[in-house]
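Here's target28.tsv, which has TSV, C-alpha atoms:
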```tsv
chain	number	residue	atom	x	y	z
A	1	GLN	CA	-67.95	55.68	141.23
A	2	GLN	CA	-66.11	56.27	138.00
A	3	GLN	CA	-68.11	58.75	135.95
A	4	VAL	CA	-65.94	58.48	132.83
A	5	LYS	CA	-64.12	55.30	131.83
A	6	GLN	CA	-61.17	55.58	129.47
A	7	SER	CA	-59.17	52.98	127.58
A	8	PRO	CA	-56.55	51.94	126.83
A	9	GLN	CA	-54.25	53.00	129.64
A	10	SER	CA	-51.31	53.18	127.25
A	11	LEU	CA	-50.88	53.07	123.50
A	12	ILE	CA	-47.85	52.80	121.26
A	13	VAL	CA	-48.05	53.51	117.54
A	14	GLN	CA	-45.66	54.14	114.70
A	15	LYS	CA	-45.43	57.57	113.12
A	16	GLY	CA	-48.28	57.99	110.66
A	17	GLY	CA	-50.52	55.55	112.52
A	18	ILE	CA	-54.01	56.40	113.80
A	19	PRO	CA	-54.24	55.90	117.54
A	20	ILE	CA	-57.80	55.66	118.89
A	21	ILE	CA	-58.67	56.36	122.51
A	22	ASN	CA	-62.10	55.43	123.82
A	23	CYS	CA	-64.26	56.78	126.61
A	24	ALA	CA	-67.62	55.78	128.00
A	25	TYR	CA	-69.93	57.53	130.43
A	26	GLU	CA	-73.09	56.73	132.37
A	27	ASN	CA	-74.57	60.09	133.28
A	28	THR	CA	-76.96	61.11	130.49
A	29	ALA	CA	-76.99	64.65	131.85
A	30	PHE	CA	-73.45	65.19	130.58
A	31	ASP	CA	-73.58	67.58	127.64
A	32	TYR	CA	-70.00	68.64	127.03
A	33	PHE	CA	-67.14	66.29	126.25
A	34	PRO	CA	-63.63	67.74	125.95
A	35	TRP	CA	-60.33	66.04	125.35
A	36	TYR	CA	-57.21	67.32	127.06
A	37	GLN	CA	-53.58	66.77	126.14
A	38	GLN	CA	-50.94	66.82	128.85
A	39	PHE	CA	-47.18	66.88	128.40
A	40	PRO	CA	-44.86	66.01	131.31
A	41	GLY	CA	-44.57	68.88	133.76
A	42	LYS	CA	-47.44	70.79	132.21
A	43	GLY	CA	-51.10	71.22	132.95
A	44	PRO	CA	-53.80	69.69	130.77
A	45	ALA	CA	-54.50	71.72	127.64
A	46	LEU	CA	-57.79	71.60	125.77
A	47	LEU	CA	-57.43	69.79	122.48
A	48	ILE	CA	-60.94	69.47	121.09
A	49	ALA	CA	-64.46	69.23	122.48
A	50	ILE	CA	-67.87	68.06	121.33
A	51	ARG	CA	-71.51	68.47	122.27
A	52	PRO	CA	-73.87	65.45	122.08
A	53	ASP	CA	-75.95	66.95	119.26
A	54	VAL	CA	-73.20	66.14	116.72
A	55	SER	CA	-71.67	62.76	115.91
A	56	GLU	CA	-68.26	63.92	114.78
A	57	LYS	CA	-66.00	66.92	115.11
A	58	LYS	CA	-62.70	67.41	113.35
A	59	GLU	CA	-59.95	69.91	114.12
A	60	GLY	CA	-56.80	69.44	112.12
A	61	ARG	CA	-55.54	65.90	112.67
A	62	PHE	CA	-57.79	65.34	115.69
A	63	THR	CA	-61.30	63.91	115.39
A	64	ILE	CA	-63.88	63.14	118.04
A	65	SER	CA	-66.51	60.54	117.25
A	66	PHE	CA	-69.58	60.58	119.48
A	67	ASN	CA	-72.19	57.85	119.89
A	68	LYS	CA	-74.97	59.21	122.08
A	69	SER	CA	-77.01	55.99	122.21
A	70	ALA	CA	-73.99	53.96	123.30
A	71	LYS	CA	-72.79	56.74	125.61
A	72	GLN	CA	-69.33	56.50	124.11
A	73	PHE	CA	-66.92	58.89	122.47
A	74	SER	CA	-63.47	58.49	121.04
A	75	LEU	CA	-60.47	60.48	119.90
A	76	HIS	CA	-58.69	59.66	116.65
A	77	ILE	CA	-55.34	61.18	115.78
A	78	MET	CA	-54.64	61.10	112.05
A	79	ASP	CA	-51.08	60.85	110.75
A	80	SER	CA	-49.70	60.74	114.28
A	81	GLN	CA	-46.33	62.34	114.94
A	82	PRO	CA	-43.71	61.86	117.67
A	83	GLY	CA	-44.71	65.29	118.98
A	84	ASP	CA	-48.16	63.87	119.75
A	85	SER	CA	-46.61	61.68	122.45
A	86	ALA	CA	-48.41	62.81	125.59
A	87	THR	CA	-51.11	61.77	128.02
A	88	TYR	CA	-54.64	62.26	126.75
A	89	PHE	CA	-57.63	62.68	129.03
A	90	CYS	CA	-61.25	62.57	128.07
A	91	ALA	CA	-63.67	64.43	130.28
A	92	ALA	CA	-67.33	65.20	130.65
A	93	ARG	CA	-69.36	67.94	132.20
A	94	GLN	CA	-72.99	68.42	133.11
A	95	GLY	CA	-74.26	71.68	131.71
A	96	SER	CA	-75.84	72.86	134.91
A	97	THR	CA	-72.54	72.57	136.76
A	98	LEU	CA	-70.23	75.15	135.30
A	99	GLY	CA	-66.67	73.99	135.21
A	100	ARG	CA	-66.73	70.71	137.11
A	101	LEU	CA	-65.13	68.22	134.77
A	102	TYR	CA	-65.10	64.50	135.38
A	103	PHE	CA	-61.88	63.13	133.89
A	104	GLY	CA	-61.03	59.70	132.60
A	105	ARG	CA	-57.91	58.02	133.93
A	106	GLY	CA	-55.80	59.06	130.96
A	107	THR	CA	-54.04	57.32	128.08
A	108	GLN	CA	-50.31	57.58	127.69
A	109	LEU	CA	-49.61	57.74	123.96
A	110	THR	CA	-46.16	57.07	122.52
A	111	VAL	CA	-45.57	57.66	118.83
A	112	TRP	CA	-42.35	56.10	117.54
A	113	PRO	CA	-40.54	57.84	114.69
B	114	GLU	CA	-51.38	83.88	124.65
B	115	PRO	CA	-52.48	84.63	128.22
B	116	GLU	CA	-51.94	81.80	130.65
B	117	VAL	CA	-52.70	80.69	134.18
B	118	THR	CA	-49.60	80.88	136.36
B	119	GLN	CA	-49.01	78.91	139.54
B	120	THR	CA	-46.43	79.26	142.27
B	121	PRO	CA	-44.46	77.56	143.61
B	122	SER	CA	-43.83	74.81	141.07
B	123	HIS	CA	-42.84	72.44	143.88
B	124	GLN	CA	-43.65	72.64	147.58
B	125	VAL	CA	-42.34	70.26	150.20
B	126	THR	CA	-43.93	70.35	153.62
B	127	GLN	CA	-44.13	68.27	156.75
B	128	MET	CA	-47.30	66.51	157.78
B	129	GLY	CA	-49.50	68.77	159.88
B	130	GLN	CA	-48.15	71.99	158.41
B	131	GLU	CA	-50.24	74.55	156.56
B	132	VAL	CA	-49.55	75.26	152.91
B	133	ILE	CA	-50.84	77.92	150.55
B	134	LEU	CA	-50.77	77.32	146.83
B	135	ARG	CA	-51.01	80.39	144.67
B	136	CYS	CA	-52.48	81.01	141.26
B	137	VAL	CA	-52.90	83.97	138.96
B	138	PRO	CA	-55.83	83.23	136.61
B	139	ILE	CA	-56.18	84.75	133.18
B	140	SER	CA	-57.10	88.39	133.71
B	141	ASN	CA	-60.57	88.57	132.12
B	142	HIS	CA	-61.73	85.22	133.49
B	143	LEU	CA	-64.35	85.09	136.18
B	144	TYR	CA	-64.52	81.40	137.14
B	145	PHE	CA	-61.69	79.76	139.01
B	146	TYR	CA	-61.04	76.16	139.93
B	147	TRP	CA	-58.68	73.85	141.72
B	148	TYR	CA	-58.09	70.31	140.58
B	149	ARG	CA	-55.57	67.79	141.77
B	150	GLN	CA	-53.82	64.81	140.27
B	151	ILE	CA	-52.30	62.14	142.46
B	152	LEU	CA	-49.30	60.59	140.70
B	153	GLY	CA	-50.41	58.28	137.93
B	154	GLN	CA	-54.10	58.86	138.55
B	155	LYS	CA	-56.82	60.94	136.98
B	156	VAL	CA	-57.36	64.64	137.43
B	157	GLU	CA	-59.95	65.28	140.16
B	158	PHE	CA	-62.11	68.34	140.78
B	159	LEU	CA	-61.72	70.05	144.14
B	160	VAL	CA	-63.62	73.34	144.02
B	161	SER	CA	-65.01	76.06	141.78
B	162	PHE	CA	-65.21	79.72	142.73
B	163	TYR	CA	-67.19	82.59	141.29
B	164	ASN	CA	-68.12	86.05	142.48
B	165	ASN	CA	-66.02	85.66	145.63
B	166	GLU	CA	-67.69	82.50	146.80
B	167	ILE	CA	-67.49	78.77	146.31
B	168	SER	CA	-69.84	77.56	143.54
B	169	GLU	CA	-69.29	73.88	144.07
B	170	LYS	CA	-66.94	71.61	145.96
B	171	SER	CA	-66.22	67.91	145.79
B	172	GLU	CA	-66.18	65.39	148.59
B	173	ILE	CA	-62.39	65.75	148.64
B	174	PHE	CA	-62.65	69.43	149.61
B	175	ASP	CA	-63.22	69.01	153.34
B	176	ASP	CA	-62.73	71.45	156.21
B	177	GLN	CA	-58.95	71.25	155.83
B	178	PHE	CA	-59.20	73.07	152.52
B	179	SER	CA	-60.12	76.68	151.83
B	180	VAL	CA	-59.90	79.03	148.87
B	181	GLU	CA	-59.58	82.75	148.70
B	182	ARG	CA	-59.25	85.55	146.21
B	183	PRO	CA	-57.32	87.99	148.38
B	184	ASP	CA	-56.98	90.65	145.69
B	185	GLY	CA	-57.92	91.25	142.08
B	186	SER	CA	-55.39	88.86	140.61
B	187	ASN	CA	-54.52	85.99	142.96
B	188	PHE	CA	-56.50	82.88	143.78
B	189	THR	CA	-55.20	80.67	146.57
B	190	LEU	CA	-55.77	77.19	147.93
B	191	LYS	CA	-54.94	76.64	151.59
B	192	ILE	CA	-54.55	73.26	153.21
B	193	ARG	CA	-54.66	73.77	156.96
B	194	SER	CA	-53.01	70.64	158.27
B	195	THR	CA	-51.47	68.57	155.52
B	196	LYS	CA	-51.65	64.81	155.43
B	197	LEU	CA	-49.44	62.37	153.54
B	198	GLU	CA	-52.33	61.65	151.16
B	199	ASP	CA	-52.47	65.32	150.15
B	200	SER	CA	-49.30	64.75	148.14
B	201	ALA	CA	-50.32	65.43	144.56
B	202	MET	CA	-50.06	67.87	141.68
B	203	TYR	CA	-52.49	70.72	142.23
B	204	PHE	CA	-53.79	72.53	139.17
B	205	CYS	CA	-55.47	75.87	139.11
B	206	ALA	CA	-57.77	76.64	136.19
B	207	SER	CA	-59.88	79.52	135.03
B	208	SER	CA	-62.58	80.08	132.46
B	209	GLU	CA	-64.21	83.04	130.87
B	210	ALA	CA	-67.86	83.57	131.76
B	211	GLN	CA	-70.57	85.44	129.97
B	212	ARG	CA	-73.13	86.56	132.51
B	213	ASP	CA	-76.05	86.70	130.10
B	214	MET	CA	-75.51	83.22	128.69
B	215	PRO	CA	-77.57	80.43	130.23
B	216	LEU	CA	-75.38	78.00	132.13
B	217	SER	CA	-76.85	75.06	130.27
B	218	SER	CA	-75.45	76.33	126.98
B	219	TYR	CA	-72.19	77.63	128.29
B	220	ASN	CA	-69.06	75.79	127.27
B	221	SER	CA	-66.16	78.06	127.93
B	222	PRO	CA	-63.04	75.90	128.09
B	223	LEU	CA	-60.96	75.61	131.21
B	224	HIS	CA	-57.41	76.87	130.98
B	225	PHE	CA	-55.07	75.06	133.34
B	226	GLY	CA	-51.84	76.23	134.90
B	227	ASN	CA	-48.75	74.03	134.99
B	228	GLY	CA	-49.44	72.94	138.52
B	229	THR	CA	-47.78	72.89	141.92
B	230	ARG	CA	-46.33	69.59	143.01
B	231	LEU	CA	-47.04	69.22	146.72
B	232	THR	CA	-44.99	66.68	148.62
B	233	VAL	CA	-45.98	65.98	152.21
B	234	THR	CA	-43.36	64.15	154.25
```
Would you encode the structure as structure tokens?
Amino acid sequence: QQQVKQSPQSLIVQKGGIPIINCAYENTAFDYFPWYQQFPGKGPALLIAIRPDVSEKKEGRFTISFNKSAKQFSLHIMDSQPGDSATYFCAARQGSTLGRLYFGRGTQLTVWP
Amino acid sequence: EPEVTQTPSHQVTQMGQEVILRCVPISNHLYFYWYRQILGQKVEFLVSFYNNEISEKSEIFDDQFSVERPDGSNFTLKIRSTKLEDSAMYFCASSEAQRDMPLSSYNSPLHFGNGTRLTVT
């Protein structure tokens, strides 16, 4: 059973574009939704995270939009740069289970100069 | 910035052999985890560890797997008899815990190491 569904699998944008990565979940007990960025040969690194009591969170060029009723959340990258080329994972966690994250399948983002 | 370190970066072993993957979590962190990522697939939870015992384990973490904190700094994952399907990238992670904060409101991020690539031949 796939707890978190992520799309698209891959995404190519031009520099300055706004790639959008979408995730959906079923478990309404999830209460923490982080996004991780992973470069080749490295471990996932936390990018930004949101709780379901807010609809949007912005950190620098990265924005999470959260739709609790639709059980969906998305990552927007403003003014994307070639250095943003990486794999992005959404994840979700149930508050009562410290640490266990359910990851999406990942989106491989390529930003062309 | 403190980081989680994992050794070795790549381990090749024959099917049926035992392997031990090693991790040094961030020094003031109290929760430790192992995740794995089969090539091209999603990152999957294996086990969490707190206060010298397993907090939770997934269905993947069967009797072939064990974890240990042998001293004050290392955290290890042992696979007793490796199978071909154990080939994956194994990530150790740690998070800071605050004992007086209710778990339901606790959102300390996980910090991942760079992983050990395990190849079982």
task: For chain A, work out the contacting residues on chain B at 12 Å, counting all atoms listed in the file, and write them as a VMD selection string.
output: chain B and resid 116 to 119 122 to 123 143 to 163 167 to 171 202 to 211 214 to 230
- request: Mind checking which residues fall within 12 Å of Gly129 of chain B, counting all atoms listed in the file, ignoring those fewer than 4 positions away in the same chain, and posting them as a PyMOL selection string?
  value: chain B and resi 177+192-199+233-234
Just the residues within 10 Å of segment 52-61 of chain A, please, counting all atoms listed in the file, with nothing from its chain fewer than 2 positions along; format it as an mmCIF file with C-alpha atoms, in the coordinates of the input.
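Written file, selection33.cif:
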```cif
data_model
loop_
_atom_site.group_PDB
_atom_site.id
_atom_site.type_symbol
_atom_site.label_atom_id
_atom_site.label_comp_id
_atom_site.auth_asym_id
_atom_site.auth_seq_id
_atom_site.Cartn_x
_atom_site.Cartn_y
_atom_site.Cartn_z
ATOM 1 C CA ILE A 18 -54.010 56.400 113.800
ATOM 2 C CA THR A 28 -76.960 61.110 130.490
ATOM 3 C CA PHE A 30 -73.450 65.190 130.580
ATOM 4 C CA ASP A 31 -73.580 67.580 127.640
ATOM 5 C CA TYR A 32 -70.000 68.640 127.030
ATOM 6 C CA PHE A 33 -67.140 66.290 126.250
ATOM 7 C CA LEU A 47 -57.430 69.790 122.480
ATOM 8 C CA ILE A 48 -60.940 69.470 121.090
ATOM 9 C CA ALA A 49 -64.460 69.230 122.480
ATOM 10 C CA ILE A 50 -67.870 68.060 121.330
ATOM 11 C CA THR A 63 -61.300 63.910 115.390
ATOM 12 C CA ILE A 64 -63.880 63.140 118.040
ATOM 13 C CA SER A 65 -66.510 60.540 117.250
ATOM 14 C CA PHE A 66 -69.580 60.580 119.480
ATOM 15 C CA ASN A 67 -72.190 57.850 119.890
ATOM 16 C CA LYS A 68 -74.970 59.210 122.080
ATOM 17 C CA SER A 69 -77.010 55.990 122.210
ATOM 18 C CA LYS A 71 -72.790 56.740 125.610
ATOM 19 C CA PHE A 73 -66.920 58.890 122.470
ATOM 20 C CA SER A 74 -63.470 58.490 121.040
ATOM 21 C CA LEU A 75 -60.470 60.480 119.900
ATOM 22 C CA HIS A 76 -58.690 59.660 116.650
ATOM 23 C CA ILE A 77 -55.340 61.180 115.780
ATOM 24 C CA MET A 78 -54.640 61.100 112.050
ATOM 25 C CA ASP A 79 -51.080 60.850 110.750
ATOM 26 C CA SER A 80 -49.700 60.740 114.280
#
```
task: Provide the atom CA of Pro138 of chain B to atom CA of Ser179 of chain B distance in Å, to one decimal place.
output: 17.1 Å
task: Please provide as a PyMOL selection string all residues within 9 Å of Val13 of chain A, with the sequence filter that same-chain residues fewer than 5 positions apart are discarded (counting only C-alpha atoms).
output: chain A and resi 18-19+80+109-112
Proximity to Gln130 of chain B - best of B:Glu181, B:Thr189, B:Asn164, B:Thr232, all atoms listed in the file: B:Thr232
